[in-house]
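**Student:** One structure, as structure tokens, below. Some questions next.
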Amino acid sequence: MRERDLMLLHYITGIGILVFGSIHVATIFFTYPFQDTIWETTLRFDSIPYAVLPVYRNALLAASLFGLLLCTTVHAMNGLRSIITELVGARKRWVEALLFAVGVFLLVYGTRTILIAHSLV
Amino acid sequence: MVEKVKFKVFRYRPEDGGKGFYKEYEVPVKKGMTILDGLIYIKENIDPTLSVRYSCRMAICGSCGVRVNSLETLACHTQVLELKRRVIRVEPMRNYPLVKDLVTDMTPLFRKQKALMTWLIRQDNVEQENPTKQYLQSEEELERYLQFTYCIQCGLCYSACPVVSTFPDFYGPQPLMKAYRYYADSRDEGGEERVRLVDRFEGVWRCHFAGSCSAVCPKGVDPALAIQLLRRSALKG
């Protein structure tokens, strides 16, 4: 993959994080029926156990969550590639291979989590 | 009126193999005196072992690049009294191998310029060697790259670049700016090849747009802008 394609992907996933991240936050705050306060029900999850599950079970929101996972993983791994290379002072192929593997792991594990929460698995 | 100003000069002798040290010299300074004048005064009157590189003394040749109070500048272009300091620290440029005292080896800069083919690329070599016509440009075509031709290759931008400091393989602001200067030239026919060269890991994408290169340029050239324009060209393909 050429560097310009990678960086184009980096910019696109950056915008994707903003879009999907906004949807995610909006989902948390506006979709679940509030019991006590927003903080109590949606962020601490201690007044209602598994309060977040209905959010996951909405197919559209689960898809947006997958979008967020994909964008975050690609953006983070590519960003780390730049940071580590500049920190080390030289390009290391094994670092890039390791980051690729970590990215794939995060994607697989995250997708699995979304699917389980969505009751598909 | 003559004032006494202390010059704290970085000294480095390769034969000692050490990291270098600072040595202080008291220099009588009068209005209009530059840092270079001060260094020449030290060399002529106090310490003849001090090494400093200079030539034109009028900010044209770009030989006397140093760091004065941690800021890259041309020694001949900086007046001592304008700094309004009693102690002035003079150091060699960063990101270059040190030769001696304030003299740096500019090889990395020129090597990277060469790697980016910073010259006019033409397919008609025979015609260019014995031109049969004029190669005219419109005012607009000239303005696309004019400011970048003012570069005197002093290398201050390369010294000020924080990315080159941490990642020496990065081409750096001056070579990339030079590449854009030829890329934007309507007479050049090597655009595609040049874009391929800058579209590498070490190329335009590593710039974090700190802007220190443009801030220190004594000629008002904006290498950071050239890098962003090259990025746009690389994205367009």
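Ordering of the structure tokens sets the chain letters (A, B, ...); residue numbers start at 1 within each chain; ligands are numbered from 1 in the order shown.
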Within 12 Å of Gln174 (chain B), counting only C-alpha atoms, which residues qualify if same-chain residues fewer than 5 places away don't, as a count of residues only?
**Tutor:** 42
**Student:** Can you build me a table of chain B residues sitting at most 10 Å from chain A, with the closest atom pair per residue and its distance in Å to one decimal, using only C-alpha atoms, sorted by chain and residue number, as JSON lines?
**Tutor:**
{"residue": "B:Val163", "atom": "CA", "partner": "A:Glu86", "partner_atom": "CA", "distance": 7.3}
{"residue": "B:Val164", "atom": "CA", "partner": "A:Glu86", "partner_atom": "CA", "distance": 8.9}
{"residue": "B:Ser165", "atom": "CA", "partner": "A:Gly89", "partner_atom": "CA", "distance": 8.7}
{"residue": "B:Thr166", "atom": "CA", "partner": "A:Glu86", "partner_atom": "CA", "distance": 5.6}
{"residue": "B:Phe167", "atom": "CA", "partner": "A:Gly89", "partner_atom": "CA", "distance": 4.3}
{"residue": "B:Pro168", "atom": "CA", "partner": "A:Gly89", "partner_atom": "CA", "distance": 6.5}
{"residue": "B:Asp169", "atom": "CA", "partner": "A:Ala90", "partner_atom": "CA", "distance": 7.1}
{"residue": "B:Phe170", "atom": "CA", "partner": "A:Glu86", "partner_atom": "CA", "distance": 9.1}
{"residue": "B:Arg196", "atom": "CA", "partner": "A:Arg2", "partner_atom": "CA", "distance": 9.5}
{"residue": "B:Val198", "atom": "CA", "partner": "A:Glu3", "partner_atom": "CA", "distance": 9.6}
{"residue": "B:Asp199", "atom": "CA", "partner": "A:Glu3", "partner_atom": "CA", "distance": 6.0}
{"residue": "B:Arg200", "atom": "CA", "partner": "A:Glu3", "partner_atom": "CA", "distance": 5.7}
{"residue": "B:Phe201", "atom": "CA", "partner": "A:Glu3", "partner_atom": "CA", "distance": 6.1}
{"residue": "B:Glu202", "atom": "CA", "partner": "A:Arg91", "partner_atom": "CA", "distance": 9.1}
{"residue": "B:Gly203", "atom": "CA", "partner": "A:Glu3", "partner_atom": "CA", "distance": 8.9}
{"residue": "B:Val204", "atom": "CA", "partner": "A:Arg4", "partner_atom": "CA", "distance": 9.3}
{"residue": "B:Trp205", "atom": "CA", "partner": "A:Met7", "partner_atom": "CA", "distance": 7.3}
{"residue": "B:Arg206", "atom": "CA", "partner": "A:Ser82", "partner_atom": "CA", "distance": 7.6}
{"residue": "B:Arg231", "atom": "CA", "partner": "A:Arg4", "partner_atom": "CA", "distance": 8.4}
{"residue": "B:Arg232", "atom": "CA", "partner": "A:Arg4", "partner_atom": "CA", "distance": 9.9}
{"residue": "B:Ala234", "atom": "CA", "partner": "A:Arg4", "partner_atom": "CA", "distance": 6.7}
{"residue": "B:Leu235", "atom": "CA", "partner": "A:Arg4", "partner_atom": "CA", "distance": 6.1}
{"residue": "B:Lys236", "atom": "CA", "partner": "A:Arg4", "partner_atom": "CA", "distance": 9.4}
{"residue": "B:Gly237", "atom": "CA", "partner": "A:Arg4", "partner_atom": "CA", "distance": 8.7}
**Student:** Using the selection just defined, write its residues with C-alpha atoms as an mmCIF file, in the first residue's frame.
**Tutor:**
data_model
loop_
_atom_site.group_PDB
_atom_site.id
_atom_site.type_symbol
_atom_site.label_atom_id
_atom_site.label_comp_id
_atom_site.auth_asym_id
_atom_site.auth_seq_id
_atom_site.Cartn_x
_atom_site.Cartn_y
_atom_site.Cartn_z
ATOM 1 C CA VAL B 163 10.784 15.829 13.023
ATOM 2 C CA VAL B 164 14.320 15.631 11.610
ATOM 3 C CA SER B 165 15.567 15.739 15.218
ATOM 4 C CA THR B 166 13.682 12.594 16.147
ATOM 5 C CA PHE B 167 13.533 10.886 12.737
ATOM 6 C CA PRO B 168 16.709 11.670 10.755
ATOM 7 C CA ASP B 169 15.478 9.792 7.672
ATOM 8 C CA PHE B 170 12.760 12.412 7.117
ATOM 9 C CA ARG B 196 6.500 9.313 -6.331
ATOM 10 C CA VAL B 198 8.038 12.470 -1.899
ATOM 11 C CA ASP B 199 5.178 9.992 -1.397
ATOM 12 C CA ARG B 200 7.283 7.761 0.814
ATOM 13 C CA PHE B 201 7.352 7.058 4.499
ATOM 14 C CA GLU B 202 10.253 9.512 4.861
ATOM 15 C CA GLY B 203 8.494 12.019 2.629
ATOM 16 C CA VAL B 204 5.833 14.679 2.989
ATOM 17 C CA TRP B 205 3.603 12.656 5.317
ATOM 18 C CA ARG B 206 5.976 12.840 8.266
ATOM 19 C CA ARG B 231 0.870 16.636 0.014
ATOM 20 C CA ARG B 232 -2.055 17.882 -2.027
ATOM 21 C CA ALA B 234 0.568 13.495 -3.821
ATOM 22 C CA LEU B 235 -3.080 12.922 -2.845
ATOM 23 C CA LYS B 236 -4.240 13.950 -6.313
ATOM 24 C CA GLY B 237 -1.721 11.533 -7.743
#
**Student:** Could you give me, as an mmCIF file with all heavy atoms, in the first residue's frame, the residues within 10 Å of region 21-33 of chain B, counting only C-alpha atoms and dropping anything in the same chain fewer than 3 positions from it?
**Tutor:**
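Generated output (result-v8.cif):
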data_model
loop_
_atom_site.group_PDB
_atom_site.id
_atom_site.type_symbol
_atom_site.label_atom_id
_atom_site.label_comp_id
_atom_site.auth_asym_id
_atom_site.auth_seq_id
_atom_site.Cartn_x
_atom_site.Cartn_y
_atom_site.Cartn_z
ATOM 1 N N MET B 1 28.882 54.460 21.078
ATOM 2 C CA MET B 1 29.013 53.898 22.424
ATOM 3 C C MET B 1 29.306 52.398 22.360
ATOM 4 O O MET B 1 28.685 51.670 21.588
ATOM 5 C CB MET B 1 27.714 54.137 23.190
ATOM 6 C CG MET B 1 27.882 54.067 24.692
ATOM 7 S SD MET B 1 26.320 54.390 25.522
ATOM 8 C CE MET B 1 25.829 52.750 25.937
ATOM 9 N N VAL B 2 30.274 51.981 23.157
ATOM 10 C CA VAL B 2 30.658 50.565 23.146
ATOM 11 C C VAL B 2 30.149 49.881 24.419
ATOM 12 O O VAL B 2 30.317 50.395 25.517
ATOM 13 C CB VAL B 2 32.193 50.418 23.038
ATOM 14 C CG1 VAL B 2 32.596 48.949 23.121
ATOM 15 C CG2 VAL B 2 32.694 51.034 21.744
ATOM 16 N N GLU B 3 29.489 48.743 24.231
ATOM 17 C CA GLU B 3 28.992 47.958 25.373
ATOM 18 C C GLU B 3 29.728 46.627 25.421
ATOM 19 O O GLU B 3 30.157 46.130 24.380
ATOM 20 C CB GLU B 3 27.498 47.668 25.207
ATOM 21 C CG GLU B 3 26.612 48.838 25.500
ATOM 22 C CD GLU B 3 25.147 48.451 25.361
ATOM 23 O OE1 GLU B 3 24.757 47.419 25.915
ATOM 24 O OE2 GLU B 3 24.419 49.186 24.681
ATOM 25 N N LYS B 4 29.841 46.071 26.603
ATOM 26 C CA LYS B 4 30.459 44.743 26.724
ATOM 27 C C LYS B 4 29.349 43.690 26.768
ATOM 28 O O LYS B 4 28.443 43.778 27.592
ATOM 29 C CB LYS B 4 31.286 44.655 28.010
ATOM 30 C CG LYS B 4 32.511 45.569 28.016
ATOM 31 C CD LYS B 4 33.714 44.851 27.454
ATOM 32 C CE LYS B 4 34.960 45.721 27.614
ATOM 33 N NZ LYS B 4 36.115 45.184 26.907
ATOM 34 N N VAL B 5 29.443 42.735 25.876
ATOM 35 C CA VAL B 5 28.469 41.642 25.849
ATOM 36 C C VAL B 5 29.227 40.318 25.945
ATOM 37 O O VAL B 5 30.286 40.164 25.333
ATOM 38 C CB VAL B 5 27.626 41.684 24.548
ATOM 39 C CG1 VAL B 5 26.745 40.448 24.435
ATOM 40 C CG2 VAL B 5 26.776 42.937 24.491
ATOM 41 N N LYS B 6 28.673 39.419 26.746
ATOM 42 C CA LYS B 6 29.332 38.127 26.915
ATOM 43 C C LYS B 6 28.836 37.134 25.854
ATOM 44 O O LYS B 6 27.628 36.912 25.741
ATOM 45 C CB LYS B 6 29.031 37.590 28.315
ATOM 46 C CG LYS B 6 30.046 36.560 28.782
ATOM 47 C CD LYS B 6 29.826 36.187 30.232
ATOM 48 C CE LYS B 6 30.541 37.147 31.171
ATOM 49 N NZ LYS B 6 30.319 36.832 32.586
ATOM 50 N N PHE B 7 29.735 36.589 25.082
ATOM 51 C CA PHE B 7 29.404 35.556 24.094
ATOM 52 C C PHE B 7 29.698 34.191 24.720
ATOM 53 O O PHE B 7 30.846 33.910 25.074
ATOM 54 C CB PHE B 7 30.250 35.716 22.827
ATOM 55 C CG PHE B 7 29.687 36.652 21.805
ATOM 56 C CD1 PHE B 7 29.364 37.962 22.142
ATOM 57 C CD2 PHE B 7 29.468 36.247 20.487
ATOM 58 C CE1 PHE B 7 28.840 38.834 21.200
ATOM 59 C CE2 PHE B 7 28.943 37.119 19.543
ATOM 60 C CZ PHE B 7 28.636 38.416 19.897
ATOM 61 N N LYS B 8 28.670 33.383 24.841
ATOM 62 C CA LYS B 8 28.849 32.029 25.371
ATOM 63 C C LYS B 8 28.831 31.096 24.156
ATOM 64 O O LYS B 8 27.757 30.791 23.625
ATOM 65 C CB LYS B 8 27.690 31.724 26.326
ATOM 66 C CG LYS B 8 27.924 30.559 27.237
ATOM 67 C CD LYS B 8 26.792 30.464 28.243
ATOM 68 C CE LYS B 8 26.914 29.219 29.073
ATOM 69 N NZ LYS B 8 25.776 29.037 29.958
ATOM 70 N N VAL B 9 29.992 30.689 23.718
ATOM 71 C CA VAL B 9 30.105 29.977 22.437
ATOM 72 C C VAL B 9 30.327 28.483 22.655
ATOM 73 O O VAL B 9 31.156 28.083 23.493
ATOM 74 C CB VAL B 9 31.264 30.562 21.593
ATOM 75 C CG1 VAL B 9 31.329 29.881 20.227
ATOM 76 C CG2 VAL B 9 31.100 32.064 21.418
ATOM 77 N N PHE B 10 29.600 27.689 21.890
ATOM 78 C CA PHE B 10 29.765 26.233 21.971
ATOM 79 C C PHE B 10 31.074 25.845 21.289
ATOM 80 O O PHE B 10 31.338 26.242 20.152
ATOM 81 C CB PHE B 10 28.594 25.523 21.293
ATOM 82 C CG PHE B 10 28.653 24.027 21.388
ATOM 83 C CD1 PHE B 10 28.194 23.381 22.520
ATOM 84 C CD2 PHE B 10 29.186 23.270 20.345
ATOM 85 C CE1 PHE B 10 28.262 21.997 22.613
ATOM 86 C CE2 PHE B 10 29.248 21.886 20.437
ATOM 87 C CZ PHE B 10 28.782 21.254 21.567
ATOM 88 N N ARG B 11 31.897 25.093 21.983
ATOM 89 C CA ARG B 11 33.167 24.639 21.426
ATOM 90 C C ARG B 11 33.162 23.121 21.338
ATOM 91 O O ARG B 11 32.725 22.429 22.254
ATOM 92 C CB ARG B 11 34.344 25.090 22.309
ATOM 93 C CG ARG B 11 34.457 26.575 22.540
ATOM 94 C CD ARG B 11 34.648 27.349 21.256
ATOM 95 N NE ARG B 11 35.736 26.847 20.428
ATOM 96 C CZ ARG B 11 37.012 27.247 20.511
ATOM 97 N NH1 ARG B 11 37.338 28.184 21.373
ATOM 98 N NH2 ARG B 11 37.932 26.740 19.717
ATOM 99 N N TYR B 12 33.630 22.623 20.221
ATOM 100 C CA TYR B 12 33.694 21.168 20.031
ATOM 101 C C TYR B 12 34.927 20.836 19.208
ATOM 102 O O TYR B 12 35.146 21.419 18.138
ATOM 103 C CB TYR B 12 32.436 20.683 19.313
ATOM 104 C CG TYR B 12 32.523 19.261 18.820
ATOM 105 C CD1 TYR B 12 32.342 18.193 19.693
ATOM 106 C CD2 TYR B 12 32.780 18.990 17.474
ATOM 107 C CE1 TYR B 12 32.437 16.884 19.230
ATOM 108 C CE2 TYR B 12 32.867 17.681 17.015
ATOM 109 C CZ TYR B 12 32.686 16.635 17.889
ATOM 110 O OH TYR B 12 32.784 15.351 17.440
ATOM 111 N N ARG B 13 35.742 19.947 19.761
ATOM 112 C CA ARG B 13 36.924 19.527 19.019
ATOM 113 C C ARG B 13 36.824 18.025 18.798
ATOM 114 O O ARG B 13 36.797 17.255 19.769
ATOM 115 C CB ARG B 13 38.203 19.871 19.803
ATOM 116 C CG ARG B 13 38.395 21.379 19.937
ATOM 117 C CD ARG B 13 39.766 21.729 20.393
ATOM 118 N NE ARG B 13 40.087 21.135 21.686
ATOM 119 C CZ ARG B 13 41.219 21.365 22.337
ATOM 120 N NH1 ARG B 13 42.127 22.143 21.814
ATOM 121 N NH2 ARG B 13 41.444 20.808 23.510
ATOM 122 N N GLY B 18 34.878 14.400 22.911
ATOM 123 C CA GLY B 18 33.889 14.702 23.944
ATOM 124 C C GLY B 18 32.605 15.269 23.372
ATOM 125 O O GLY B 18 32.396 15.278 22.157
ATOM 126 N N LEU B 36 28.141 37.633 13.732
ATOM 127 C CA LEU B 36 29.324 37.205 12.975
ATOM 128 C C LEU B 36 30.507 38.129 13.262
ATOM 129 O O LEU B 36 31.635 37.657 13.445
ATOM 130 C CB LEU B 36 29.015 37.180 11.468
ATOM 131 C CG LEU B 36 30.163 36.697 10.576
ATOM 132 C CD1 LEU B 36 30.560 35.266 10.907
ATOM 133 C CD2 LEU B 36 29.809 36.809 9.101
ATOM 134 N N ASP B 37 30.240 39.438 13.322
ATOM 135 C CA ASP B 37 31.321 40.379 13.667
ATOM 136 C C ASP B 37 31.910 40.027 15.031
ATOM 137 O O ASP B 37 33.130 40.070 15.225
ATOM 138 C CB ASP B 37 30.787 41.824 13.700
ATOM 139 C CG ASP B 37 30.395 42.313 12.310
ATOM 140 O OD1 ASP B 37 30.971 41.814 11.327
ATOM 141 O OD2 ASP B 37 29.501 43.180 12.221
ATOM 142 N N GLY B 38 31.035 39.684 15.960
ATOM 143 C CA GLY B 38 31.482 39.316 17.302
ATOM 144 C C GLY B 38 32.351 38.065 17.274
ATOM 145 O O GLY B 38 33.394 37.998 17.928
ATOM 146 N N LEU B 39 31.931 37.075 16.487
ATOM 147 C CA LEU B 39 32.703 35.828 16.401
ATOM 148 C C LEU B 39 34.055 36.074 15.736
ATOM 149 O O LEU B 39 35.074 35.513 16.157
ATOM 150 C CB LEU B 39 31.900 34.774 15.609
ATOM 151 C CG LEU B 39 30.615 34.278 16.285
ATOM 152 C CD1 LEU B 39 29.791 33.437 15.326
ATOM 153 C CD2 LEU B 39 30.933 33.473 17.542
ATOM 154 N N TYR B 41 35.628 38.895 15.844
ATOM 155 C CA TYR B 41 36.415 39.625 16.858
ATOM 156 C C TYR B 41 37.082 38.638 17.817
ATOM 157 O O TYR B 41 38.265 38.761 18.140
ATOM 158 C CB TYR B 41 35.511 40.591 17.634
ATOM 159 C CG TYR B 41 36.238 41.310 18.738
ATOM 160 C CD1 TYR B 41 36.921 42.505 18.488
ATOM 161 C CD2 TYR B 41 36.284 40.779 20.034
ATOM 162 C CE1 TYR B 41 37.624 43.137 19.504
ATOM 163 C CE2 TYR B 41 36.976 41.407 21.048
ATOM 164 C CZ TYR B 41 37.643 42.594 20.776
ATOM 165 O OH TYR B 41 38.350 43.220 21.773
ATOM 166 N N ILE B 42 36.301 37.636 18.245
ATOM 167 C CA ILE B 42 36.856 36.629 19.173
ATOM 168 C C ILE B 42 38.019 35.903 18.500
ATOM 169 O O ILE B 42 39.088 35.727 19.085
ATOM 170 C CB ILE B 42 35.756 35.612 19.587
ATOM 171 C CG1 ILE B 42 34.672 36.308 20.401
ATOM 172 C CG2 ILE B 42 36.355 34.445 20.358
ATOM 173 C CD1 ILE B 42 33.424 35.480 20.608
ATOM 174 N N ASN B 45 41.034 38.386 18.081
ATOM 175 C CA ASN B 45 41.637 39.044 19.248
ATOM 176 C C ASN B 45 41.743 38.198 20.508
ATOM 177 O O ASN B 45 42.553 38.505 21.388
ATOM 178 C CB ASN B 45 40.846 40.315 19.590
ATOM 179 C CG ASN B 45 40.845 41.287 18.426
ATOM 180 O OD1 ASN B 45 41.845 41.921 18.137
ATOM 181 N ND2 ASN B 45 39.723 41.386 17.745
ATOM 182 N N ILE B 46 40.892 37.180 20.639
ATOM 183 C CA ILE B 46 40.890 36.433 21.910
ATOM 184 C C ILE B 46 41.312 34.978 21.722
ATOM 185 O O ILE B 46 42.204 34.503 22.410
ATOM 186 C CB ILE B 46 39.486 36.482 22.583
ATOM 187 C CG1 ILE B 46 38.993 37.931 22.687
ATOM 188 C CG2 ILE B 46 39.541 35.832 23.952
ATOM 189 C CD1 ILE B 46 37.571 38.079 23.154
ATOM 190 N N ASP B 47 40.639 34.280 20.806
ATOM 191 C CA ASP B 47 40.871 32.848 20.677
ATOM 192 C C ASP B 47 40.915 32.446 19.196
ATOM 193 O O ASP B 47 39.865 32.216 18.580
ATOM 194 C CB ASP B 47 39.736 32.096 21.405
ATOM 195 C CG ASP B 47 39.992 30.607 21.498
ATOM 196 O OD1 ASP B 47 40.946 30.122 20.851
ATOM 197 O OD2 ASP B 47 39.246 29.925 22.235
ATOM 198 N N CYS B 76 25.399 36.618 10.335
ATOM 199 C CA CYS B 76 25.654 37.916 9.709
ATOM 200 C C CYS B 76 24.380 38.762 9.617
ATOM 201 O O CYS B 76 24.435 39.930 9.248
ATOM 202 C CB CYS B 76 26.240 37.716 8.316
ATOM 203 S SG CYS B 76 25.053 37.037 7.145
ATOM 204 N N HIS B 77 23.255 38.151 9.945
ATOM 205 C CA HIS B 77 21.959 38.800 9.746
ATOM 206 C C HIS B 77 21.354 39.241 11.081
ATOM 207 O O HIS B 77 20.271 39.802 11.127
ATOM 208 C CB HIS B 77 21.033 37.792 9.052
ATOM 209 C CG HIS B 77 19.814 38.385 8.435
ATOM 210 N ND1 HIS B 77 19.854 39.465 7.596
ATOM 211 C CD2 HIS B 77 18.506 38.041 8.510
ATOM 212 C CE1 HIS B 77 18.632 39.755 7.195
ATOM 213 N NE2 HIS B 77 17.799 38.910 7.740
ATOM 214 N N THR B 78 22.081 38.945 12.180
ATOM 215 C CA THR B 78 21.549 39.211 13.514
ATOM 216 C C THR B 78 22.422 40.229 14.230
ATOM 217 O O THR B 78 23.611 39.977 14.435
ATOM 218 C CB THR B 78 21.507 37.904 14.340
ATOM 219 O OG1 THR B 78 20.892 36.900 13.544
ATOM 220 C CG2 THR B 78 20.736 38.078 15.630
ATOM 221 N N GLN B 79 21.847 41.355 14.572
ATOM 222 C CA GLN B 79 22.628 42.373 15.262
ATOM 223 C C GLN B 79 22.625 42.109 16.771
ATOM 224 O O GLN B 79 21.576 41.798 17.345
ATOM 225 C CB GLN B 79 22.061 43.759 14.963
ATOM 226 C CG GLN B 79 22.212 44.105 13.493
ATOM 227 C CD GLN B 79 22.138 45.591 13.224
ATOM 228 O OE1 GLN B 79 22.113 46.407 14.134
ATOM 229 N NE2 GLN B 79 22.101 45.942 11.945
ATOM 230 N N VAL B 80 23.789 42.267 17.362
ATOM 231 C CA VAL B 80 23.958 41.904 18.776
ATOM 232 C C VAL B 80 23.065 42.753 19.680
ATOM 233 O O VAL B 80 22.347 42.225 20.537
ATOM 234 C CB VAL B 80 25.446 42.066 19.196
ATOM 235 C CG1 VAL B 80 25.623 41.701 20.662
ATOM 236 C CG2 VAL B 80 26.347 41.214 18.323
ATOM 237 N N LEU B 81 23.068 44.062 19.484
ATOM 238 C CA LEU B 81 22.320 44.939 20.393
ATOM 239 C C LEU B 81 20.810 44.786 20.248
ATOM 240 O O LEU B 81 20.061 45.068 21.174
ATOM 241 C CB LEU B 81 22.739 46.398 20.186
ATOM 242 C CG LEU B 81 24.192 46.706 20.583
ATOM 243 C CD1 LEU B 81 24.529 48.166 20.343
ATOM 244 C CD2 LEU B 81 24.458 46.350 22.041
ATOM 245 N N GLU B 82 20.375 44.326 19.077
ATOM 246 C CA GLU B 82 18.933 44.108 18.884
ATOM 247 C C GLU B 82 18.415 42.951 19.734
ATOM 248 O O GLU B 82 17.226 42.849 19.993
ATOM 249 C CB GLU B 82 18.631 43.850 17.402
ATOM 250 C CG GLU B 82 18.611 45.136 16.590
ATOM 251 C CD GLU B 82 18.189 44.931 15.156
ATOM 252 O OE1 GLU B 82 17.933 43.779 14.759
ATOM 253 O OE2 GLU B 82 18.120 45.936 14.433
ATOM 254 N N ARG B 86 22.627 40.566 27.779
ATOM 255 C CA ARG B 86 24.012 40.757 28.228
ATOM 256 C C ARG B 86 24.843 39.508 27.914
ATOM 257 O O ARG B 86 26.051 39.578 27.749
ATOM 258 C CB ARG B 86 24.041 41.019 29.743
ATOM 259 C CG ARG B 86 23.543 42.376 30.105
ATOM 260 C CD ARG B 86 24.683 43.392 30.032
ATOM 261 N NE ARG B 86 24.147 44.719 29.742
ATOM 262 C CZ ARG B 86 24.678 45.581 28.920
ATOM 263 N NH1 ARG B 86 25.773 45.279 28.258
ATOM 264 N NH2 ARG B 86 24.155 46.773 28.720
ATOM 265 N N VAL B 87 24.167 38.359 27.878
ATOM 266 C CA VAL B 87 24.845 37.098 27.547
ATOM 267 C C VAL B 87 24.178 36.518 26.303
ATOM 268 O O VAL B 87 22.950 36.383 26.252
ATOM 269 C CB VAL B 87 24.754 36.084 28.713
ATOM 270 C CG1 VAL B 87 25.472 34.783 28.349
ATOM 271 C CG2 VAL B 87 25.350 36.673 29.979
ATOM 272 N N ILE B 88 24.989 36.190 25.319
ATOM 273 C CA ILE B 88 24.450 35.624 24.079
ATOM 274 C C ILE B 88 25.051 34.240 23.865
ATOM 275 O O ILE B 88 26.283 34.083 23.825
ATOM 276 C CB ILE B 88 24.770 36.547 22.883
ATOM 277 C CG1 ILE B 88 23.966 37.843 23.020
ATOM 278 C CG2 ILE B 88 24.440 35.867 21.565
ATOM 279 C CD1 ILE B 88 24.353 38.903 22.038
ATOM 280 N N ARG B 89 24.167 33.270 23.752
ATOM 281 C CA ARG B 89 24.647 31.896 23.552
ATOM 282 C C ARG B 89 24.671 31.590 22.053
ATOM 283 O O ARG B 89 23.652 31.748 21.370
ATOM 284 C CB ARG B 89 23.735 30.914 24.293
ATOM 285 C CG ARG B 89 24.377 29.549 24.489
ATOM 286 C CD ARG B 89 23.619 28.658 25.433
ATOM 287 N NE ARG B 89 22.341 28.266 24.854
ATOM 288 C CZ ARG B 89 21.158 28.520 25.412
ATOM 289 N NH1 ARG B 89 21.097 29.168 26.551
ATOM 290 N NH2 ARG B 89 20.048 28.140 24.840
ATOM 291 N N VAL B 90 25.813 31.172 21.568
ATOM 292 C CA VAL B 90 25.943 30.831 20.139
ATOM 293 C C VAL B 90 26.292 29.350 20.017
ATOM 294 O O VAL B 90 27.284 28.891 20.592
ATOM 295 C CB VAL B 90 27.035 31.686 19.452
ATOM 296 C CG1 VAL B 90 27.031 31.439 17.948
ATOM 297 C CG2 VAL B 90 26.829 33.171 19.738
ATOM 298 N N GLU B 91 25.463 28.635 19.276
ATOM 299 C CA GLU B 91 25.666 27.188 19.128
ATOM 300 C C GLU B 91 25.600 26.799 17.651
ATOM 301 O O GLU B 91 25.023 27.550 16.843
ATOM 302 C CB GLU B 91 24.550 26.426 19.873
ATOM 303 C CG GLU B 91 24.521 26.675 21.359
ATOM 304 C CD GLU B 91 23.181 26.295 21.971
ATOM 305 O OE1 GLU B 91 22.144 26.808 21.495
ATOM 306 O OE2 GLU B 91 23.183 25.494 22.911
ATOM 307 N N ASP B 101 33.508 23.178 16.437
ATOM 308 C CA ASP B 101 32.889 24.372 17.033
ATOM 309 C C ASP B 101 31.521 24.693 16.418
ATOM 310 O O ASP B 101 30.564 23.989 16.665
ATOM 311 C CB ASP B 101 33.836 25.571 16.938
ATOM 312 C CG ASP B 101 35.130 25.338 17.701
ATOM 313 O OD1 ASP B 101 35.111 24.503 18.620
ATOM 314 O OD2 ASP B 101 36.137 25.962 17.363
#
**Student:** In Å, with one decimal, what is the gap from CA of Val108 (chain A) to CA of Ser22 (chain A)?
**Tutor:**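 That distance, rounded to one decimal, is 22.9 Å.
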**Student:** Hey, what's within 9 Å of Leu106 (chain A) if we count only C-alpha atoms and toss same-chain stuff fewer than 5 positions away? As JSON, numbers by chain, please?
**Tutor:** {"A": [69, 73, 101, 111]}
**Student:** Please produce a file of those selected residues containing all heavy atoms, as a CSV table (one decimal), in the first residue's frame.
**Tutor:**
chain,number,residue,atom,x,y,z
A,69,LEU,N,-15.4,1.2,15.8
A,69,LEU,CA,-14.3,0.3,16.1
A,69,LEU,C,-13.3,0.2,15.0
A,69,LEU,O,-12.1,0.3,15.2
A,69,LEU,CB,-14.9,-1.1,16.4
A,69,LEU,CG,-13.8,-2.3,16.5
A,69,LEU,CD1,-13.1,-2.2,17.8
A,69,LEU,CD2,-14.5,-3.6,16.4
A,73,THR,N,-9.5,1.7,15.3
A,73,THR,CA,-8.4,0.7,15.2
A,73,THR,C,-7.4,1.2,14.1
A,73,THR,O,-6.2,1.2,14.3
A,73,THR,CB,-8.9,-0.7,14.9
A,73,THR,OG1,-9.9,-1.0,15.9
A,73,THR,CG2,-7.8,-1.7,15.0
A,101,ALA,N,-0.9,-6.9,13.4
A,101,ALA,CA,-1.4,-8.0,14.2
A,101,ALA,C,-2.3,-7.5,15.3
A,101,ALA,O,-3.4,-8.1,15.5
A,101,ALA,CB,-0.3,-8.9,14.7
A,111,THR,N,-15.4,-7.0,17.2
A,111,THR,CA,-16.5,-7.4,16.4
A,111,THR,C,-17.2,-8.5,17.2
A,111,THR,O,-18.5,-8.5,17.2
A,111,THR,CB,-16.0,-7.9,15.1
A,111,THR,OG1,-15.2,-6.9,14.5
A,111,THR,CG2,-17.2,-8.2,14.2
**Student:** Using only C-alpha atoms for the distances, tell me which of A:Met1, A:Leu9, A:Ala97, A:Leu61 is nearest to Val25 (chain A).
**Tutor:**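 Using only C-alpha atoms, Val25 (chain A) sits closest to A:Leu61.
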**Student:** Hey, what does DSSP flag as strand (DSSP E or B) within region 11-47 of chain B? Can you give it to me as a VMD selection string?
**Tutor:** chain B and resid 11 21 to 29 34
**Student:** Between CA of Met93 (chain B) and CA of Thr34 (chain B), what is the distance in Å, rounded to a tenth?
**Tutor:**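 Distance between the two atoms: 17.6 Å.
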**Student:** Excluding same-chain residues fewer than 2 positions from Thr113 (chain A), what lies within 12 Å of it counting only C-alpha atoms, as a list of chain:residue names?
**Tutor:**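 In the requested format, the answer is A:Leu53, A:Tyr56, A:Arg57, A:Ala62, A:Leu65, A:Phe66, A:Leu69, A:Leu106, A:Leu107, A:Val108, A:Tyr109, A:Gly110, A:Thr111, A:Leu115, A:Ile116, A:Ala117, A:His118, A:Ser119, A:Leu120, A:Val121.
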